[in-house]
Amino acid sequence: MFVIILTYQKPLTDVDMYLEAHRAYLDECYRQNKLIASGPQNPRMGGVLLSQLKNRAEVDAMIQSDPFYQAEIATYQVIE
């Protein structure tokens with residue numbers, strides 16, 4: 001199991017431009033049984049994902065599919 005902490009690197013106006021695509025990505029991760037839970041941080045500095053994937057390579061591949069990652073909106077801390 002992995003905890004993934006996203007930290008925004010761009011202003012919230014930039015985050016909001018990619019939010020719909022990020023949510024669609026999360027929906028697909030849930031559909032593929034890659035995520036157990038996800039949600040925003042409060043205050044709005046990023047988010048947290050809880051993944052049931054088996055190894056770090058799978059987690060890294062999942063992260064690289066995130067529009068936030070692709071647009072360099074957030075950094076990702078992975079805790080096993």
# chains A, B, ... in the order shown; residues from 1 in each chain; ligands from 1
>>> residues_around(residues="Asp66 (chain A)", least_positions_apart="2", cutoff="10 Å", atoms="only C-alpha atoms", output="PyMOL selection string")
chain A and resi 18+21-26+29+61-64+68-74
>>> select_by_dssp(residues="chain A", states="alpha helix (DSSP H)", output="count of residues only")
33
>>> closest_residue(among="A:Ser51, A:Gln32, A:Pro67, A:Glu80", to="Asp14 (chain A)", atoms="only C-alpha atoms")
A:Pro67
>>> residues_around(residues="Val48 (chain A)", least_positions_apart="3", cutoff="8 Å", atoms="only C-alpha atoms", output="ChimeraX atom specification")
/A:3-6,38-41
>>> atom_distance(atom1="CA of Ile36 (chain A)", atom2="CA of Glu58 (chain A)")
14.8 Å
